[in-house]
Structure formats: structure tokens, C-alpha cells
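Chemist: This is coords.txt (compact mmCIF, C-alpha atoms (C1' of nucleotides)).
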```
# COMPACT_ATOMS: atom_id res chain seq x y z
CA MET L 1 44.62 316.26 -40.41
CA PRO L 2 41.68 316.40 -42.75
CA SER L 3 39.21 319.26 -42.45
CA ASP L 4 36.21 318.87 -40.18
CA GLU L 5 34.16 318.49 -43.31
CA TYR L 6 35.99 315.41 -44.52
CA SER L 7 36.46 313.97 -41.06
CA TYR L 8 32.75 314.30 -40.53
CA ARG L 9 31.78 312.83 -43.86
CA VAL L 10 34.21 309.93 -43.68
CA LEU L 11 33.25 309.05 -40.13
CA LYS L 12 29.59 309.26 -41.00
CA LEU L 13 29.89 306.96 -43.99
CA LEU L 14 32.05 304.46 -42.15
CA SER L 15 29.77 304.38 -39.15
CA GLN L 16 26.97 303.49 -41.53
CA ASN L 17 29.01 300.94 -43.41
CA PRO L 18 32.54 299.96 -42.36
CA HIS L 19 32.97 297.80 -45.44
CA LEU L 20 33.23 300.67 -47.88
CA SER L 21 36.46 300.55 -49.82
CA GLN L 22 38.59 303.62 -50.36
CA ARG L 23 37.29 303.73 -53.89
CA ASP L 24 33.71 303.59 -52.63
CA LEU L 25 34.42 306.45 -50.30
CA ALA L 26 36.05 308.45 -53.06
CA LYS L 27 33.00 308.06 -55.27
CA GLU L 28 30.62 308.82 -52.43
CA LEU L 29 32.56 311.88 -51.32
CA GLY L 30 33.27 313.08 -54.82
CA ILE L 31 36.99 313.24 -54.27
CA SER L 32 39.99 311.35 -55.52
CA LEU L 33 41.25 308.02 -54.31
CA GLY L 34 44.48 309.63 -53.21
CA LYS L 35 42.73 312.09 -50.98
CA VAL L 36 40.59 309.43 -49.38
CA ASN L 37 43.72 307.45 -48.68
CA TYR L 38 45.24 310.49 -47.06
CA CYS L 39 42.20 311.27 -44.92
CA LEU L 40 41.70 307.70 -43.86
CA LYS L 41 45.31 307.26 -42.88
CA ALA L 42 45.12 310.38 -40.77
CA LEU L 43 41.99 309.19 -39.00
CA ILE L 44 43.65 305.85 -38.32
CA GLU L 45 46.80 307.60 -37.16
CA VAL L 46 44.95 309.57 -34.50
CA GLY L 47 43.00 306.52 -33.42
CA LEU L 48 39.49 307.41 -34.59
CA VAL L 49 39.36 304.55 -37.06
CA LYS L 50 40.86 301.12 -37.01
CA ALA L 51 41.37 299.03 -40.11
CA LYS L 52 40.29 295.53 -39.32
CA ASN L 53 40.24 292.55 -41.55
CA PHE L 54 38.01 289.97 -40.05
CA LYS L 55 38.82 287.12 -42.35
CA ASN L 56 42.51 286.92 -42.81
CA SER L 57 45.16 289.29 -41.60
CA ARG L 58 46.63 289.49 -45.08
CA ASN L 59 43.46 289.96 -47.00
CA LYS L 60 43.02 293.58 -47.88
CA GLN L 61 39.77 292.82 -49.56
CA ALA L 62 38.29 292.00 -46.21
CA TYR L 63 39.22 295.31 -44.64
CA ALA L 64 36.68 296.99 -42.48
CA TYR L 65 37.19 300.55 -41.35
CA LEU L 66 35.69 300.53 -37.91
CA LEU L 67 35.21 303.56 -35.73
CA THR L 68 37.01 303.16 -32.44
CA PRO L 69 35.18 304.17 -29.22
CA GLN L 70 37.15 307.39 -29.41
CA GLY L 71 36.10 307.68 -33.01
CA ILE L 72 32.45 307.43 -32.11
CA GLU L 73 32.85 310.03 -29.43
CA GLU L 74 34.88 312.36 -31.56
CA LYS L 75 32.48 312.01 -34.44
CA THR L 76 29.83 313.81 -32.40
CA LYS L 77 32.20 316.60 -31.46
CA ILE L 78 33.31 317.04 -35.02
CA THR L 79 29.72 317.05 -36.20
CA VAL L 80 28.82 319.79 -33.73
CA ARG L 81 31.81 321.81 -34.74
CA PHE L 82 31.01 321.32 -38.39
CA LEU L 83 27.40 322.28 -37.79
CA ASN L 84 28.51 325.48 -36.11
CA SER L 85 30.71 326.39 -39.02
CA LYS L 86 27.79 325.74 -41.32
CA LEU L 87 25.55 327.94 -39.22
CA ALA L 88 28.06 330.76 -39.46
CA GLU L 89 28.25 330.17 -43.18
CA PHE L 90 24.48 330.31 -43.26
CA GLN L 91 24.36 333.70 -41.64
CA ALA L 92 27.04 335.05 -43.93
CA LEU L 93 25.21 333.70 -46.94
CA LYS L 94 21.97 335.28 -45.75
CA SER L 95 23.65 338.66 -45.51
CA GLU L 96 25.23 338.31 -48.90
CA ILE L 97 21.93 337.38 -50.49
CA GLU L 98 20.34 340.35 -48.81
CA THR L 99 22.97 342.61 -50.31
CA LEU L 100 22.62 341.06 -53.73
CA ARG L 101 18.83 341.47 -53.63
CA LYS L 102 19.20 345.13 -52.88
CA GLU L 103 21.59 345.51 -55.76
CA VAL L 104 19.31 343.74 -58.15
CA GLY L 105 16.62 346.04 -56.87
CA SER L 106 13.65 343.73 -56.85
CA HIS L 107 12.07 341.11 -54.67
CA VAL L 108 13.30 337.85 -55.98
CA ASP L 109 12.22 334.66 -54.27
CA THR L 110 12.87 332.24 -57.04
CA VAL L 111 14.32 333.19 -60.34
CA SER L 112 13.76 331.12 -63.41
CA GLU L 113 16.81 331.84 -65.44
CA MET K 1 36.82 334.20 -67.99
CA PRO K 2 36.64 334.82 -64.28
CA SER K 3 33.86 333.23 -62.29
CA ASP K 4 30.60 335.11 -61.80
CA GLU K 5 31.72 335.71 -58.26
CA TYR K 6 34.84 337.60 -59.21
CA SER K 7 33.25 339.32 -62.18
CA TYR K 8 30.52 340.54 -59.89
CA ARG K 9 32.84 341.67 -57.14
CA VAL K 10 35.30 343.40 -59.45
CA LEU K 11 32.57 345.18 -61.39
CA LYS K 12 30.90 346.24 -58.18
CA LEU K 13 34.06 347.70 -56.70
CA LEU K 14 35.04 349.46 -59.90
CA SER K 15 31.58 350.92 -60.40
CA GLN K 16 31.92 352.39 -56.92
CA ASN K 17 35.45 353.59 -57.47
CA PRO K 18 37.23 353.33 -60.82
CA HIS K 19 40.45 354.59 -59.35
CA LEU K 20 41.21 351.47 -57.38
CA SER K 21 44.56 350.01 -58.33
CA GLN K 22 45.04 346.32 -58.93
CA ARG K 23 46.68 346.12 -55.54
CA ASP K 24 43.71 347.82 -53.94
CA LEU K 25 41.41 345.35 -55.60
CA ALA K 26 43.54 342.44 -54.49
CA LYS K 27 43.39 343.55 -50.89
CA GLU K 28 39.69 344.26 -51.07
CA LEU K 29 38.90 340.93 -52.70
CA GLY K 30 41.31 338.96 -50.58
CA ILE K 31 43.10 337.49 -53.56
CA SER K 32 46.51 337.86 -55.09
CA LEU K 33 47.71 340.61 -57.34
CA GLY K 34 48.28 338.11 -60.11
CA LYS K 35 44.71 336.93 -60.02
CA VAL K 36 43.33 340.44 -60.07
CA ASN K 37 45.47 341.17 -63.09
CA TYR K 38 44.10 338.10 -64.79
CA CYS K 39 40.46 338.91 -63.99
CA LEU K 40 40.78 342.53 -64.97
CA LYS K 41 42.44 341.72 -68.26
CA ALA K 42 39.64 339.32 -69.06
CA LEU K 43 36.99 341.91 -68.29
CA ILE K 44 38.80 344.42 -70.48
CA GLU K 45 39.19 341.82 -73.19
CA VAL K 46 35.45 341.20 -73.41
CA GLY K 47 34.71 344.89 -73.28
CA LEU K 48 33.07 345.22 -69.87
CA VAL K 49 35.82 347.44 -68.54
CA LYS K 50 38.01 350.02 -70.19
CA ALA K 51 41.29 351.18 -68.75
CA LYS K 52 41.43 354.91 -69.11
CA ASN K 53 44.11 357.26 -68.00
CA PHE K 54 42.71 360.74 -67.90
CA LYS K 55 45.94 362.62 -67.39
CA ASN K 56 48.51 361.25 -69.69
CA SER K 57 48.26 358.30 -72.00
CA ARG K 58 51.49 356.89 -70.63
CA ASN K 59 50.82 357.34 -66.97
CA LYS K 60 49.85 354.09 -65.41
CA GLN K 61 49.37 355.75 -62.08
CA ALA K 62 46.45 357.65 -63.48
CA TYR K 63 44.63 354.59 -64.71
CA ALA K 64 40.93 354.41 -64.14
CA TYR K 65 39.07 351.19 -64.71
CA LEU K 66 35.76 352.37 -66.03
CA LEU K 67 32.78 350.17 -66.72
CA THR K 68 31.70 350.40 -70.32
CA PRO K 69 27.97 350.72 -71.09
CA GLN K 70 28.05 347.03 -71.82
CA GLY K 71 29.83 346.52 -68.53
CA ILE K 72 27.09 348.31 -66.64
CA GLU K 73 24.45 346.25 -68.35
CA GLU K 74 26.28 342.99 -67.91
CA LYS K 75 26.98 343.75 -64.28
CA THR K 76 23.27 343.47 -63.55
CA LYS K 77 22.96 340.19 -65.40
CA ILE K 78 25.96 338.75 -63.64
CA THR K 79 24.61 339.91 -60.30
CA VAL K 80 21.30 338.19 -60.92
CA ARG K 81 23.04 335.02 -61.99
CA PHE K 82 25.29 335.17 -58.98
CA LEU K 83 22.33 335.77 -56.71
CA ASN K 84 20.61 332.73 -58.13
CA SER K 85 23.61 330.56 -57.50
CA LYS K 86 23.72 331.88 -53.95
CA LEU K 87 20.04 331.08 -53.48
CA ALA K 88 20.68 327.53 -54.61
CA GLU K 89 23.60 327.37 -52.25
CA PHE K 90 21.35 328.67 -49.53
CA GLN K 91 18.84 325.89 -50.02
CA ALA K 92 21.56 323.26 -50.07
CA LEU K 93 23.07 324.67 -46.92
CA LYS K 94 19.69 324.68 -45.23
CA SER K 95 19.24 321.02 -46.00
CA GLU K 96 22.70 320.16 -44.81
CA ILE K 97 22.18 322.00 -41.54
CA GLU K 98 18.90 320.19 -41.10
CA THR K 99 20.69 316.89 -41.54
CA LEU K 100 23.46 317.88 -39.17
CA ARG K 101 20.97 318.96 -36.53
CA LYS K 102 19.24 315.61 -36.67
CA GLU K 103 22.57 313.88 -36.28
CA VAL K 104 23.55 315.98 -33.33
CA GLY K 105 20.16 315.11 -31.94
CA SER K 106 19.25 318.35 -30.25
CA HIS K 107 17.83 321.73 -31.05
CA VAL K 108 20.78 323.97 -31.50
CA ASP K 109 20.26 327.57 -32.42
CA THR K 110 23.54 328.96 -31.29
CA VAL K 111 26.30 326.92 -29.87
CA SER K 112 28.95 328.42 -27.68
CA GLU K 113 31.90 326.21 -28.34
C1' DA E 1 69.40 368.07 -64.42
C1' DT E 2 70.00 364.26 -61.44
C1' DG E 3 69.08 360.81 -58.34
C1' DA E 4 66.03 358.65 -54.96
C1' DT E 5 61.68 357.09 -53.97
C1' DC E 6 57.10 355.54 -54.71
C1' DC E 7 53.39 353.28 -56.85
C1' DC E 8 51.81 351.51 -61.08
C1' DG E 9 50.81 347.17 -64.19
C1' DT E 10 52.98 343.10 -65.71
C1' DT E 11 55.39 338.77 -65.59
C1' DC E 12 56.64 334.22 -64.28
C1' DA E 13 59.16 330.85 -61.26
C1' DT E 14 57.38 328.57 -57.48
C1' DC E 15 54.14 326.18 -54.63
C1' DG E 16 50.80 322.92 -52.96
C1' DA E 17 46.41 320.61 -53.04
C1' DG E 18 44.31 317.39 -55.72
C1' DT E 19 44.43 313.73 -59.08
C1' DG E 20 44.26 309.03 -60.94
C1' DA E 21 47.21 305.70 -63.60
C1' DA E 22 50.04 302.20 -62.30
C1' DC E 23 51.86 298.94 -59.09
C1' DG E 24 52.09 294.78 -56.03
C1' DC E 25 49.17 291.94 -53.59
C1' DC E 26 45.73 288.44 -52.53
C1' DA E 27 41.38 285.64 -53.16
C1' DG E 28 38.41 283.22 -55.94
C1' DA E 29 37.15 281.26 -60.58
C1' DG E 30 38.17 278.57 -64.43
C1' DC V 1 48.21 276.26 -62.49
C1' DT V 2 46.68 280.91 -64.74
C1' DC V 3 43.69 284.61 -64.98
C1' DT V 4 40.79 288.06 -63.47
C1' DG V 5 39.26 291.58 -60.28
C1' DG V 6 39.25 294.45 -56.40
C1' DC V 7 42.14 296.01 -52.73
C1' DG V 8 45.48 299.77 -50.60
C1' DT V 9 49.37 302.40 -51.77
C1' DT V 10 52.31 305.42 -54.28
C1' DC V 11 53.90 309.37 -56.80
C1' DA V 12 54.61 311.97 -61.14
C1' DC V 13 51.71 315.22 -62.88
C1' DT V 14 48.41 319.12 -63.27
C1' DC V 15 46.86 323.60 -62.62
C1' DG V 16 45.12 327.54 -60.16
C1' DA V 17 47.02 330.70 -57.09
C1' DT V 18 50.77 333.33 -55.36
C1' DG V 19 53.79 337.39 -54.69
C1' DA V 20 58.72 338.81 -55.49
C1' DA V 21 60.83 341.13 -58.95
C1' DC V 22 60.95 344.13 -62.90
C1' DG V 23 60.60 348.31 -66.00
C1' DG V 24 58.48 352.60 -66.31
C1' DG V 25 56.50 357.04 -65.19
C1' DA V 26 55.64 360.73 -61.67
C1' DT V 27 57.18 363.42 -57.91
C1' DC V 28 60.26 365.64 -54.91
C1' DA V 29 64.78 367.08 -52.80
C1' DT V 30 69.06 368.09 -53.97
```
Just give me the structure as C-alpha cells.
Modeler:
Amino acid sequence: MPSDEYSYRVLKLLSQNPHLSQRDLAKELGISLGKVNYCLKALIEVGLVKAKNFKNSRNKQAYAYLLTPQGIEEKTKITVRFLNSKLAEFQALKSEIETLRKEVGSHVDTVSE
Amino acid sequence: MPSDEYSYRVLKLLSQNPHLSQRDLAKELGISLGKVNYCLKALIEVGLVKAKNFKNSRNKQAYAYLLTPQGIEEKTKITVRFLNSKLAEFQALKSEIETLRKEVGSHVDTVSE
DNA sequence: ATGATCCCGTTCATCGAGTGAACGCCAGAG
DNA sequence: CTCTGGCGTTCACTCGATGAACGGGATCAT
């Protein structure tokens, strides 16, 4: 089970373009091929993605990673959940910055270096 | 060389209370004892912290991790640098939340579940 | 004095997430 | 046919992080 972050990002990319290869995804996501393989397998396992090859059943080059109906539905849920976690992160970050500003002891909006 | 984050946090805690043990620091920072030991050694190595035992030179229980003058000075610089990185993070997070909101397709300020 | 206990800093075997080179496979080009 | 290239898959390897275990000093009860 990949994190919400990677589930979200993989599902988003695949919904935009099902023809991305695992290597494409790795480059796009900034992670390794091995990890993409792991995430993708998990998403297929739970039925959110289906690997379809439209040309020939033995041609891996023709793979398309299509979101299943469940995948489309779940993608929204995951996105909301991910958004919420980001909002919480946002609040925490705001507090931390507030604290740091007080420690620095000046009003810093943008700092050059 | 610990990250700015840990340098900042360790220096902050020690400036507040030099009598914290490595175990105290570990608990406070939410990291392992081993990592604290590593960070602290590095800070001592570069001269930002000095381990002083005020009772007896052989009593480890009496250790105090005091910020050197350089440590006090550097603490401010590190804090500013850390703040800046947090501000950048803040902007990035803001953008990401914006994107996520658009994808969710509604105006979400706080979401219950 | 002696032993038991406690907390200290230090060490290092162990772990696990992440990596990417290498493999077998297949299609298309020469 | 061979050769090349991109595909998914695998797995030995890396490396930061972990915390149990250790030796040592202080304290206290015996």
C-alpha cells in the first residue's frame, strides 16, 4: 500500500495519460523504477488500475495503465484525504514559521540570502 | 554535518537548557539516541557546542552542553537559513494545496473526514 | 568497604526503504 | 535472420536510522 501521496500522484498521472511507462512515471515522480513498480503493482492488486495492452496480449510495450471505475472514484477520495493532510501540514508550517520569525526577531517577508 | 533542521533544534534546546542529556534530546526531538549522539558530536567538532562538566572532569552525569560564542552566533544564522527554507516550503505547499483544491473541485476550508 | 542500582555517553549489529543495473522478452528496423 | 530499443521485473546493494548493550562514574543501603 503506497502512501496517499504516491497513490494520488500515480493515479493523477495515469488518468492524464495511461500510456506512461514505469520509467516515465519514475522520472515524473522523481523516484526509482523499483518503487514505481511496487506502487503500480499495489494499485493493480487492489483494483484501482488495470494494465491493458490493446494491441497484443504479449506486447508489454503496448501496456496502458487504465484507471478502473473504482480507481476513478477512489482517486477523488485519496485526493481529498491528501489535501486534508496537506492542510494540516500547512497549519503546522505556519506555526513553525511564526516561531522562527520570533526567534530571528525581525519581520522577514522575503529574505535574500 | 547535521541538517539545518537538527542543528537549529539542538542548538535551540541546549541554549534553553544545557543540562539536557542525549536521551532527553532524543525524546524531545523525536529521534534516536544514536542520531543525537551523531549530531551533538558534529556540533562539538565544529566548535558550536562544548561539553562541560562542572563538577568533576570524569563525571559524565554532570555534563553540560554549552553553546560556545560561535555557537550562539551561528545559531542565529542557521535559524535564518532554516526559516528561509521553511518559507520556500510554505510557498510550495500553498501552490500544491491550490492545485489539489482545483482537482477536488470545491471550496474546502476544513474537511471533517 | 562492598554491592546494587541508576543514568550517563558511546558503540555497532541490525533493519528497511529506496535504488538502479541487469535480465528476459517482444516488436520493429535493417 | 540479426540487431537494436524499450518494456516490466527482479534483487543485491546502499545507507541513514535505530536502540540494545556496554563500561564507567555517582549514589545509596547494607
Chemist: Mind checking which residues fall within 10 Å of region 24-37 of chain K, counting all atoms listed in the file, ignoring those fewer than 4 positions away in the same chain, and posting them as a count of residues only?
Modeler: 18
Chemist: Where does chain L end up after superposition onto chain K over all in-order Cα pairs? Give it as an mmCIF file with C-alpha atoms, in the frame of the given file.
Modeler:
```
data_model
loop_
_atom_site.group_PDB
_atom_site.id
_atom_site.type_symbol
_atom_site.label_atom_id
_atom_site.label_comp_id
_atom_site.auth_asym_id
_atom_site.auth_seq_id
_atom_site.Cartn_x
_atom_site.Cartn_y
_atom_site.Cartn_z
ATOM 1 C CA MET L 1 36.813 334.225 -67.976
ATOM 2 C CA PRO L 2 36.645 334.821 -64.267
ATOM 3 C CA SER L 3 33.857 333.218 -62.260
ATOM 4 C CA ASP L 4 30.616 335.107 -61.779
ATOM 5 C CA GLU L 5 31.735 335.700 -58.238
ATOM 6 C CA TYR L 6 34.864 337.591 -59.203
ATOM 7 C CA SER L 7 33.266 339.311 -62.162
ATOM 8 C CA TYR L 8 30.547 340.519 -59.860
ATOM 9 C CA ARG L 9 32.872 341.655 -57.123
ATOM 10 C CA VAL L 10 35.314 343.391 -59.440
ATOM 11 C CA LEU L 11 32.582 345.165 -61.361
ATOM 12 C CA LYS L 12 30.922 346.223 -58.148
ATOM 13 C CA LEU L 13 34.087 347.686 -56.678
ATOM 14 C CA LEU L 14 35.047 349.446 -59.884
ATOM 15 C CA SER L 15 31.604 350.903 -60.363
ATOM 16 C CA GLN L 16 31.943 352.374 -56.896
ATOM 17 C CA ASN L 17 35.466 353.589 -57.458
ATOM 18 C CA PRO L 18 37.217 353.310 -60.832
ATOM 19 C CA HIS L 19 40.469 354.580 -59.367
ATOM 20 C CA LEU L 20 41.237 351.457 -57.389
ATOM 21 C CA SER L 21 44.580 350.000 -58.344
ATOM 22 C CA GLN L 22 45.055 346.306 -58.961
ATOM 23 C CA ARG L 23 46.717 346.098 -55.591
ATOM 24 C CA ASP L 24 43.742 347.809 -53.963
ATOM 25 C CA LEU L 25 41.430 345.339 -55.596
ATOM 26 C CA ALA L 26 43.577 342.428 -54.506
ATOM 27 C CA LYS L 27 43.455 343.569 -50.898
ATOM 28 C CA GLU L 28 39.743 344.274 -51.056
ATOM 29 C CA LEU L 29 38.948 340.943 -52.680
ATOM 30 C CA GLY L 30 41.372 338.984 -50.565
ATOM 31 C CA ILE L 31 43.150 337.511 -53.537
ATOM 32 C CA SER L 32 46.551 337.868 -55.101
ATOM 33 C CA LEU L 33 47.734 340.618 -57.377
ATOM 34 C CA GLY L 34 48.275 338.110 -60.143
ATOM 35 C CA LYS L 35 44.715 336.926 -60.041
ATOM 36 C CA VAL L 36 43.331 340.433 -60.081
ATOM 37 C CA ASN L 37 45.473 341.155 -63.097
ATOM 38 C CA TYR L 38 44.076 338.091 -64.781
ATOM 39 C CA CYS L 39 40.453 338.910 -63.988
ATOM 40 C CA LEU L 40 40.780 342.524 -64.960
ATOM 41 C CA LYS L 41 42.421 341.713 -68.252
ATOM 42 C CA ALA L 42 39.625 339.313 -69.057
ATOM 43 C CA LEU L 43 36.965 341.892 -68.272
ATOM 44 C CA ILE L 44 38.763 344.407 -70.465
ATOM 45 C CA GLU L 45 39.161 341.813 -73.194
ATOM 46 C CA VAL L 46 35.427 341.186 -73.400
ATOM 47 C CA GLY L 47 34.672 344.886 -73.279
ATOM 48 C CA LEU L 48 33.052 345.218 -69.852
ATOM 49 C CA VAL L 49 35.809 347.443 -68.530
ATOM 50 C CA LYS L 50 37.990 349.993 -70.191
ATOM 51 C CA ALA L 51 41.277 351.166 -68.757
ATOM 52 C CA LYS L 52 41.420 354.892 -69.124
ATOM 53 C CA ASN L 53 44.103 357.236 -68.044
ATOM 54 C CA PHE L 54 42.705 360.688 -67.938
ATOM 55 C CA LYS L 55 45.902 362.573 -67.394
ATOM 56 C CA ASN L 56 48.510 361.267 -69.708
ATOM 57 C CA SER L 57 48.335 358.309 -72.016
ATOM 58 C CA ARG L 58 51.584 356.970 -70.615
ATOM 59 C CA ASN L 59 50.856 357.426 -66.980
ATOM 60 C CA LYS L 60 49.821 354.156 -65.461
ATOM 61 C CA GLN L 61 49.349 355.800 -62.139
ATOM 62 C CA ALA L 62 46.423 357.683 -63.545
ATOM 63 C CA TYR L 63 44.604 354.591 -64.734
ATOM 64 C CA ALA L 64 40.920 354.405 -64.158
ATOM 65 C CA TYR L 65 39.063 351.170 -64.705
ATOM 66 C CA LEU L 66 35.755 352.350 -66.027
ATOM 67 C CA LEU L 67 32.771 350.155 -66.691
ATOM 68 C CA THR L 68 31.689 350.393 -70.296
ATOM 69 C CA PRO L 69 27.942 350.726 -71.062
ATOM 70 C CA GLN L 70 28.018 347.017 -71.783
ATOM 71 C CA GLY L 71 29.809 346.538 -68.511
ATOM 72 C CA ILE L 72 27.087 348.314 -66.603
ATOM 73 C CA GLU L 73 24.444 346.258 -68.303
ATOM 74 C CA GLU L 74 26.261 343.002 -67.875
ATOM 75 C CA LYS L 75 26.984 343.744 -64.255
ATOM 76 C CA THR L 76 23.272 343.471 -63.498
ATOM 77 C CA LYS L 77 22.958 340.192 -65.352
ATOM 78 C CA ILE L 78 25.956 338.760 -63.603
ATOM 79 C CA THR L 79 24.633 339.920 -60.259
ATOM 80 C CA VAL L 80 21.305 338.198 -60.875
ATOM 81 C CA ARG L 81 23.028 335.049 -61.948
ATOM 82 C CA PHE L 82 25.304 335.175 -58.946
ATOM 83 C CA LEU L 83 22.352 335.785 -56.659
ATOM 84 C CA ASN L 84 20.606 332.742 -58.069
ATOM 85 C CA SER L 85 23.619 330.577 -57.458
ATOM 86 C CA LYS L 86 23.738 331.889 -53.922
ATOM 87 C CA LEU L 87 20.076 331.106 -53.429
ATOM 88 C CA ALA L 88 20.663 327.545 -54.562
ATOM 89 C CA GLU L 89 23.619 327.372 -52.226
ATOM 90 C CA PHE L 90 21.365 328.672 -49.492
ATOM 91 C CA GLN L 91 18.852 325.916 -49.963
ATOM 92 C CA ALA L 92 21.547 323.274 -50.045
ATOM 93 C CA LEU L 93 23.086 324.684 -46.903
ATOM 94 C CA LYS L 94 19.704 324.691 -45.180
ATOM 95 C CA SER L 95 19.242 321.020 -45.967
ATOM 96 C CA GLU L 96 22.705 320.155 -44.798
ATOM 97 C CA ILE L 97 22.205 321.988 -41.531
ATOM 98 C CA GLU L 98 18.931 320.185 -41.078
ATOM 99 C CA THR L 99 20.691 316.872 -41.519
ATOM 100 C CA LEU L 100 23.482 317.828 -39.169
ATOM 101 C CA ARG L 101 20.985 318.920 -36.501
ATOM 102 C CA LYS L 102 19.274 315.583 -36.671
ATOM 103 C CA GLU L 103 22.583 313.833 -36.303
ATOM 104 C CA VAL L 104 23.578 315.902 -33.342
ATOM 105 C CA GLY L 105 20.185 315.060 -31.949
ATOM 106 C CA SER L 106 19.280 318.296 -30.255
ATOM 107 C CA HIS L 107 17.809 321.652 -31.083
ATOM 108 C CA VAL L 108 20.719 323.918 -31.586
ATOM 109 C CA ASP L 109 20.096 327.521 -32.536
ATOM 110 C CA THR L 110 23.362 328.996 -31.484
ATOM 111 C CA VAL L 111 26.184 327.015 -30.069
ATOM 112 C CA SER L 112 28.803 328.583 -27.899
ATOM 113 C CA GLU L 113 31.778 326.417 -28.526
#
```
Chemist: Distance CA of Tyr65 (chain K)-CA of Tyr38 (chain K), one decimal place?
Modeler: 14.0 Å
Chemist: Excluding same-chain residues fewer than 2 positions from DT2 (chain E), what lies within 12 Å of it counting all atoms listed in the file, as a PyMOL selection string?
Modeler: (chain E and resi 4) or (chain V and resi 28-30)
Chemist: Counting only C-alpha atoms (C1' of nucleotides), which residue out of K:Leu67, K:Leu100, K:Ala62, K:Ile78 sits closest to chain V?
Modeler: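 Nearest to chain V: K:Ala62.
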Chemist: Between K:Val46, K:Asp4, K:Gln16, K:Ala51, which one has atoms that come closest to chain E, using only C-alpha atoms (C1' of nucleotides)?
Modeler: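 Selected residue with least distance to chain E: K:Ala51.
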Chemist: Please check the contacts: residues of chain L at most 9 Å away from chain K, using all atoms listed in the file, listed as a PyMOL selection string.
Modeler: chain L and resi 76-77+79-84+86-87+89-90+93-94+96-97+100-101+103-104+109-113
Chemist: With C-alpha atoms retained, could you export that selection as a tab-separated table (two decimals), in the frame of the given file?
Modeler:
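Generated output (part.tsv):
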```tsv
chain	number	residue	atom	x	y	z
L	76	THR	CA	29.83	313.81	-32.40
L	77	LYS	CA	32.20	316.60	-31.46
L	79	THR	CA	29.72	317.05	-36.20
L	80	VAL	CA	28.82	319.79	-33.73
L	81	ARG	CA	31.81	321.81	-34.74
L	82	PHE	CA	31.01	321.32	-38.39
L	83	LEU	CA	27.40	322.28	-37.79
L	84	ASN	CA	28.51	325.48	-36.11
L	86	LYS	CA	27.79	325.74	-41.32
L	87	LEU	CA	25.55	327.94	-39.22
L	89	GLU	CA	28.25	330.17	-43.18
L	90	PHE	CA	24.48	330.31	-43.26
L	93	LEU	CA	25.21	333.70	-46.94
L	94	LYS	CA	21.97	335.28	-45.75
L	96	GLU	CA	25.23	338.31	-48.90
L	97	ILE	CA	21.93	337.38	-50.49
L	100	LEU	CA	22.62	341.06	-53.73
L	101	ARG	CA	18.83	341.47	-53.63
L	103	GLU	CA	21.59	345.51	-55.76
L	104	VAL	CA	19.31	343.74	-58.15
L	109	ASP	CA	12.22	334.66	-54.27
L	110	THR	CA	12.87	332.24	-57.04
L	111	VAL	CA	14.32	333.19	-60.34
L	112	SER	CA	13.76	331.12	-63.41
L	113	GLU	CA	16.81	331.84	-65.44
```
Chemist: Leaving out DT2 (chain V) and any residue of its chain fewer than 2 positions from it, which residues lie within 12 Å of it when counting all atoms listed in the file, given as a count of residues only?
Modeler: 3
Chemist: How close does chain E get to chain L? List, as CSV, each residue of chain E within 8 Å, its nearest atom pair and the distance in Å to one decimal, counting only C-alpha atoms (C1' of nucleotides).
Modeler:
```
residue,atom,partner,partner_atom,distance
E:DG18,C1',L:Lys35,CA,7.3
E:DT19,C1',L:Ser32,CA,6.2
E:DG20,C1',L:Ser32,CA,7.3
E:DC26,C1',L:Asn59,CA,6.2
E:DA27,C1',L:Asn59,CA,7.8
```
Chemist: Counting only C-alpha atoms (C1' of nucleotides), give me one row per residue of chain V with an atom at most 10 Å from an atom of chain L, showing the shortest contact pair and its distance in Å to one decimal, sorted by chain then residue number, as JSON lines.
Modeler:
```
{"residue": "V:DG6", "atom": "C1'", "partner": "L:Gln61", "partner_atom": "CA", "distance": 7.1}
{"residue": "V:DC7", "atom": "C1'", "partner": "L:Gln61", "partner_atom": "CA", "distance": 5.1}
{"residue": "V:DG8", "atom": "C1'", "partner": "L:Lys60", "partner_atom": "CA", "distance": 7.2}
{"residue": "V:DT9", "atom": "C1'", "partner": "L:Asn37", "partner_atom": "CA", "distance": 8.2}
{"residue": "V:DT10", "atom": "C1'", "partner": "L:Gly34", "partner_atom": "CA", "distance": 9.0}
```
Chemist: What is the distance between CA of Ile72 (chain K) and C1' of DC7 (chain E), in Å to one decimal?
Modeler: 28.5 Å
Chemist: Tell me, in Å to one decimal, how far CA of Glu5 (chain K) is from CA of Ser3 (chain L).
Modeler: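 These atoms are spaced 24.0 Å apart.
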